[in-house]
Every structure is written in C-alpha cells, then in structure tokens.
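This is final05.txt (compact mmCIF, N, CA and C atoms and all ligand atoms).
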```
# COMPACT_ATOMS: atom_id res chain seq x y z
N MET C 20 11.53 36.68 -1.39
CA MET C 20 13.00 36.69 -1.49
C MET C 20 13.54 35.26 -1.35
N PRO C 21 13.96 34.68 -2.41
CA PRO C 21 14.45 33.29 -2.34
C PRO C 21 15.78 33.19 -1.61
N GLN C 22 15.88 32.18 -0.78
CA GLN C 22 17.10 31.98 -0.01
C GLN C 22 18.15 31.24 -0.83
N HIS C 23 17.69 30.35 -1.65
CA HIS C 23 18.61 29.64 -2.55
C HIS C 23 18.06 29.75 -3.97
N SER C 24 18.90 29.60 -4.90
CA SER C 24 18.39 29.57 -6.26
C SER C 24 17.52 28.34 -6.41
N GLY C 25 16.32 28.58 -6.92
CA GLY C 25 15.41 27.45 -7.04
C GLY C 25 14.42 27.44 -5.90
N GLY C 26 14.90 27.68 -4.70
CA GLY C 26 14.03 27.74 -3.55
C GLY C 26 13.34 26.41 -3.29
N PRO C 27 12.33 26.44 -2.43
CA PRO C 27 11.66 25.19 -2.03
C PRO C 27 10.93 24.52 -3.19
N TYR C 28 10.59 25.28 -4.20
CA TYR C 28 9.82 24.70 -5.30
C TYR C 28 10.65 23.73 -6.12
N ARG C 29 11.93 23.90 -6.01
CA ARG C 29 12.80 22.98 -6.73
C ARG C 29 12.60 21.55 -6.21
N PHE C 30 12.46 21.45 -4.91
CA PHE C 30 12.22 20.14 -4.31
C PHE C 30 10.86 19.59 -4.74
N ARG C 31 9.88 20.48 -4.81
CA ARG C 31 8.55 20.02 -5.22
C ARG C 31 8.57 19.51 -6.65
N THR C 32 9.30 20.19 -7.49
CA THR C 32 9.40 19.74 -8.88
C THR C 32 10.05 18.37 -8.93
N TRP C 33 11.08 18.21 -8.12
CA TRP C 33 11.75 16.92 -8.07
C TRP C 33 10.77 15.85 -7.56
N LEU C 34 10.02 16.24 -6.53
CA LEU C 34 9.09 15.30 -5.92
C LEU C 34 8.03 14.86 -6.93
N ARG C 35 7.52 15.83 -7.68
CA ARG C 35 6.47 15.53 -8.64
C ARG C 35 6.97 14.55 -9.70
N GLY C 36 8.23 14.72 -10.05
CA GLY C 36 8.79 13.84 -11.07
C GLY C 36 9.12 12.46 -10.54
N HIS C 37 9.37 12.38 -9.23
CA HIS C 37 9.87 11.12 -8.68
C HIS C 37 8.87 10.40 -7.79
N LEU C 38 7.86 11.11 -7.32
CA LEU C 38 6.98 10.54 -6.32
C LEU C 38 6.24 9.28 -6.78
N PRO C 39 5.65 9.28 -7.97
CA PRO C 39 4.87 8.09 -8.33
C PRO C 39 5.64 6.78 -8.20
N TRP C 40 6.78 6.71 -8.82
CA TRP C 40 7.51 5.45 -8.74
C TRP C 40 8.12 5.26 -7.37
N LEU C 41 8.39 6.38 -6.70
CA LEU C 41 8.94 6.29 -5.35
C LEU C 41 7.93 5.62 -4.42
N LEU C 42 6.67 6.05 -4.52
CA LEU C 42 5.63 5.47 -3.68
C LEU C 42 5.42 4.01 -4.01
N ILE C 43 5.42 3.72 -5.28
CA ILE C 43 5.25 2.33 -5.70
C ILE C 43 6.40 1.50 -5.18
N ASP C 44 7.58 2.06 -5.28
CA ASP C 44 8.77 1.36 -4.83
C ASP C 44 8.70 1.07 -3.33
N MET C 45 8.11 1.98 -2.58
CA MET C 45 8.02 1.81 -1.13
C MET C 45 6.81 1.00 -0.72
N GLY C 46 5.98 0.66 -1.69
CA GLY C 46 4.81 -0.14 -1.36
C GLY C 46 3.67 0.67 -0.79
N ILE C 47 3.72 1.99 -0.98
CA ILE C 47 2.66 2.84 -0.45
C ILE C 47 1.53 2.98 -1.45
N ALA C 48 1.90 3.18 -2.70
CA ALA C 48 0.90 3.38 -3.73
C ALA C 48 0.27 2.07 -4.18
N THR C 49 0.97 0.99 -3.97
CA THR C 49 0.42 -0.31 -4.31
C THR C 49 0.24 -1.13 -3.05
N LYS C 50 -0.35 -2.27 -3.18
CA LYS C 50 -0.52 -3.14 -2.04
C LYS C 50 0.82 -3.69 -1.59
N GLY C 51 0.93 -3.94 -0.31
CA GLY C 51 2.13 -4.57 0.22
C GLY C 51 2.15 -6.04 -0.12
N LEU C 52 3.24 -6.68 0.19
CA LEU C 52 3.38 -8.09 -0.12
C LEU C 52 2.63 -8.96 0.89
N ASP C 53 2.78 -8.66 2.15
CA ASP C 53 2.16 -9.48 3.19
C ASP C 53 2.08 -8.71 4.49
N CYS C 54 0.85 -8.44 4.94
CA CYS C 54 0.66 -7.69 6.18
C CYS C 54 1.36 -8.36 7.36
N GLU C 55 1.23 -9.68 7.43
CA GLU C 55 1.76 -10.39 8.58
C GLU C 55 3.28 -10.31 8.63
N GLN C 56 3.89 -10.36 7.47
CA GLN C 56 5.34 -10.23 7.44
C GLN C 56 5.76 -8.84 7.88
N ALA C 57 4.88 -7.88 7.67
CA ALA C 57 5.18 -6.51 8.07
C ALA C 57 4.74 -6.24 9.50
N GLY C 58 4.28 -7.30 10.19
CA GLY C 58 3.91 -7.16 11.59
C GLY C 58 2.47 -6.73 11.80
N GLY C 59 1.66 -6.77 10.76
CA GLY C 59 0.27 -6.36 10.88
C GLY C 59 -0.66 -7.54 10.71
N SER C 60 -1.92 -7.24 10.45
CA SER C 60 -2.89 -8.30 10.22
C SER C 60 -3.68 -7.98 8.95
N HIS C 61 -4.22 -9.01 8.36
CA HIS C 61 -4.95 -8.84 7.11
C HIS C 61 -6.37 -8.36 7.37
N GLU C 62 -6.91 -7.72 6.35
CA GLU C 62 -8.32 -7.35 6.39
C GLU C 62 -8.94 -7.88 5.11
N TRP C 63 -9.78 -8.87 5.23
CA TRP C 63 -10.22 -9.63 4.07
C TRP C 63 -11.44 -9.04 3.40
N TYR C 64 -11.50 -9.27 2.11
CA TYR C 64 -12.73 -8.98 1.37
C TYR C 64 -13.06 -10.17 0.49
N ASN C 65 -14.30 -10.21 0.07
CA ASN C 65 -14.80 -11.31 -0.73
C ASN C 65 -14.36 -11.14 -2.18
N ILE C 66 -13.59 -12.08 -2.68
CA ILE C 66 -13.18 -12.01 -4.08
C ILE C 66 -14.23 -12.64 -4.98
N ASN C 67 -14.57 -13.89 -4.70
CA ASN C 67 -15.50 -14.60 -5.59
C ASN C 67 -16.38 -15.58 -4.81
N GLY C 68 -16.48 -15.37 -3.52
CA GLY C 68 -17.30 -16.25 -2.70
C GLY C 68 -16.52 -17.43 -2.14
N LYS C 69 -15.36 -17.69 -2.71
CA LYS C 69 -14.56 -18.83 -2.26
C LYS C 69 -13.21 -18.40 -1.73
N GLU C 70 -12.74 -17.30 -2.27
CA GLU C 70 -11.41 -16.86 -1.89
C GLU C 70 -11.48 -15.48 -1.23
N SER C 71 -10.54 -15.25 -0.36
CA SER C 71 -10.48 -13.97 0.35
C SER C 71 -9.21 -13.24 -0.05
N GLY C 72 -9.36 -11.97 -0.30
CA GLY C 72 -8.21 -11.14 -0.60
C GLY C 72 -8.04 -10.10 0.49
N CYS C 73 -6.84 -9.67 0.68
CA CYS C 73 -6.58 -8.66 1.69
C CYS C 73 -6.59 -7.27 1.04
N TYR C 74 -7.23 -6.34 1.72
CA TYR C 74 -7.27 -4.96 1.22
C TYR C 74 -5.89 -4.35 1.13
N HIS C 75 -5.01 -4.78 2.01
CA HIS C 75 -3.75 -4.06 2.19
C HIS C 75 -2.56 -4.72 1.53
N CYS C 76 -2.70 -5.99 1.17
CA CYS C 76 -1.56 -6.67 0.58
C CYS C 76 -2.04 -7.61 -0.52
N LYS C 77 -1.14 -8.35 -1.08
CA LYS C 77 -1.46 -9.17 -2.24
C LYS C 77 -1.83 -10.60 -1.88
N VAL C 78 -1.90 -10.86 -0.58
CA VAL C 78 -2.19 -12.22 -0.15
C VAL C 78 -3.63 -12.59 -0.49
N VAL C 79 -3.80 -13.77 -1.05
CA VAL C 79 -5.12 -14.34 -1.32
C VAL C 79 -5.18 -15.71 -0.68
N ARG C 80 -6.26 -15.97 0.05
CA ARG C 80 -6.38 -17.27 0.70
C ARG C 80 -7.72 -17.91 0.41
N GLU C 81 -7.71 -19.23 0.48
CA GLU C 81 -8.94 -19.99 0.31
C GLU C 81 -9.86 -19.75 1.50
N GLY C 82 -11.15 -19.76 1.25
CA GLY C 82 -12.11 -19.68 2.34
C GLY C 82 -12.71 -18.30 2.47
N GLN C 83 -13.82 -18.25 3.23
CA GLN C 83 -14.54 -16.99 3.40
C GLN C 83 -14.06 -16.27 4.65
N LEU C 84 -12.85 -15.81 4.56
CA LEU C 84 -12.23 -15.21 5.74
C LEU C 84 -12.87 -13.88 6.13
N TRP C 85 -13.50 -13.24 5.17
CA TRP C 85 -14.11 -11.94 5.48
C TRP C 85 -15.27 -12.09 6.44
N LYS C 86 -15.83 -13.31 6.54
CA LYS C 86 -16.95 -13.53 7.44
C LYS C 86 -16.51 -13.69 8.88
N ARG C 87 -15.24 -14.00 9.06
CA ARG C 87 -14.75 -14.29 10.41
C ARG C 87 -14.30 -13.03 11.13
N GLY C 88 -14.37 -11.92 10.46
CA GLY C 88 -13.90 -10.70 11.09
C GLY C 88 -12.38 -10.63 11.02
N SER C 89 -11.84 -9.73 11.78
CA SER C 89 -10.38 -9.55 11.72
C SER C 89 -9.69 -10.67 12.45
N GLU C 90 -8.72 -11.22 11.80
CA GLU C 90 -7.89 -12.22 12.44
C GLU C 90 -6.47 -12.07 11.90
N THR C 91 -5.58 -12.58 12.68
CA THR C 91 -4.19 -12.40 12.28
C THR C 91 -3.72 -13.60 11.49
ZN ZN S 1 -2.85 -8.31 4.19
```

Re-express the file's structure as structure tokens.
Amino acid sequence: MPQHSGGPYRFRTWLRGHLPWLLIDMGIATKGLDCEQAGGSHEWYNINGKESGCYHCKVVREGQLWKRGSET
C-alpha cells in the first residue's frame, strides 16, 4: 500500500539518474584534490619509480614517497 504516489522508488529512480555526476561532483567517485587540504594525509604509490602519486587525491610529487611509509 503506497503512502504517496510514486512511493520510495521514486527517490531511487531520481537517485539512479543523478548519482553518478553527484558523486563525481562531491569528489567521492573520483579522486579528491588534496588530502592534506581536506585534513588528511596522503597514501603514496609508485608511478614510474621517480614520482609518487596519492591513492586518494590527484597530488603527484617527486621522489619515492611510497618507500617512506605514511607521512603527512
Ligand atoms: Zn592524497
């Protein structure tokens, strides 16, 4: 017995249509801009042996930061 016309599924339909860009817009579906600016710390991975990229954001830095473990 639906309480409103459309019921809860109406919201799901809306969500399905809007969620992808919504997540991207919020930085959830894509990498963030900078962990440190968001109050967090980077987690590095090896890009090409010379540069380090962060798993969580778009920051790329010179050096083998992934070898140093977690640092802020
Ligand atoms: Zn980061």

Kindly provide the residues of chain C that approach ligand ZN 1 (chain S) to within 8 Å, each paired with its closest atom pair and their distance in Å to one decimal, based on only N, CA and C atoms and all ligand atoms, listed by chain and increasing number, as JSON lines.
```
{"residue": "C:Gly51", "atom": "C", "partner": "S:ZN1", "partner_atom": "ZN", "distance": 7.0}
{"residue": "C:Leu52", "atom": "C", "partner": "S:ZN1", "partner_atom": "ZN", "distance": 6.4}
{"residue": "C:Asp53", "atom": "C", "partner": "S:ZN1", "partner_atom": "ZN", "distance": 5.0}
{"residue": "C:Cys54", "atom": "N", "partner": "S:ZN1", "partner_atom": "ZN", "distance": 3.8}
{"residue": "C:Glu55", "atom": "N", "partner": "S:ZN1", "partner_atom": "ZN", "distance": 5.4}
{"residue": "C:Gln56", "atom": "N", "partner": "S:ZN1", "partner_atom": "ZN", "distance": 7.8}
{"residue": "C:Gly59", "atom": "C", "partner": "S:ZN1", "partner_atom": "ZN", "distance": 6.9}
{"residue": "C:Ser60", "atom": "C", "partner": "S:ZN1", "partner_atom": "ZN", "distance": 4.8}
{"residue": "C:His61", "atom": "CA", "partner": "S:ZN1", "partner_atom": "ZN", "distance": 3.6}
{"residue": "C:Glu62", "atom": "N", "partner": "S:ZN1", "partner_atom": "ZN", "distance": 4.6}
{"residue": "C:Trp63", "atom": "N", "partner": "S:ZN1", "partner_atom": "ZN", "distance": 7.0}
{"residue": "C:Gly72", "atom": "C", "partner": "S:ZN1", "partner_atom": "ZN", "distance": 6.6}
{"residue": "C:Cys73", "atom": "CA", "partner": "S:ZN1", "partner_atom": "ZN", "distance": 4.5}
{"residue": "C:Tyr74", "atom": "N", "partner": "S:ZN1", "partner_atom": "ZN", "distance": 5.4}
{"residue": "C:His75", "atom": "C", "partner": "S:ZN1", "partner_atom": "ZN", "distance": 4.5}
{"residue": "C:Cys76", "atom": "N", "partner": "S:ZN1", "partner_atom": "ZN", "distance": 3.8}
{"residue": "C:Lys77", "atom": "N", "partner": "S:ZN1", "partner_atom": "ZN", "distance": 5.5}
{"residue": "C:Val78", "atom": "N", "partner": "S:ZN1", "partner_atom": "ZN", "distance": 5.5}
{"residue": "C:Val79", "atom": "N", "partner": "S:ZN1", "partner_atom": "ZN", "distance": 7.6}
```

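Interatomic distance, atom C of Gly68 in chain C to CA of Gly82 in chain C: 6.7 Å.
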
>> Report, in Å with one decimal, the straight-line distance from atom N of Ile66 in chain C to CA of Arg80 in chain C.
In response: 9.5 Å

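One distance worth recording is that between CA of Arg87 in chain C and CA of Asn67 in chain C, which is 16.0 Å.
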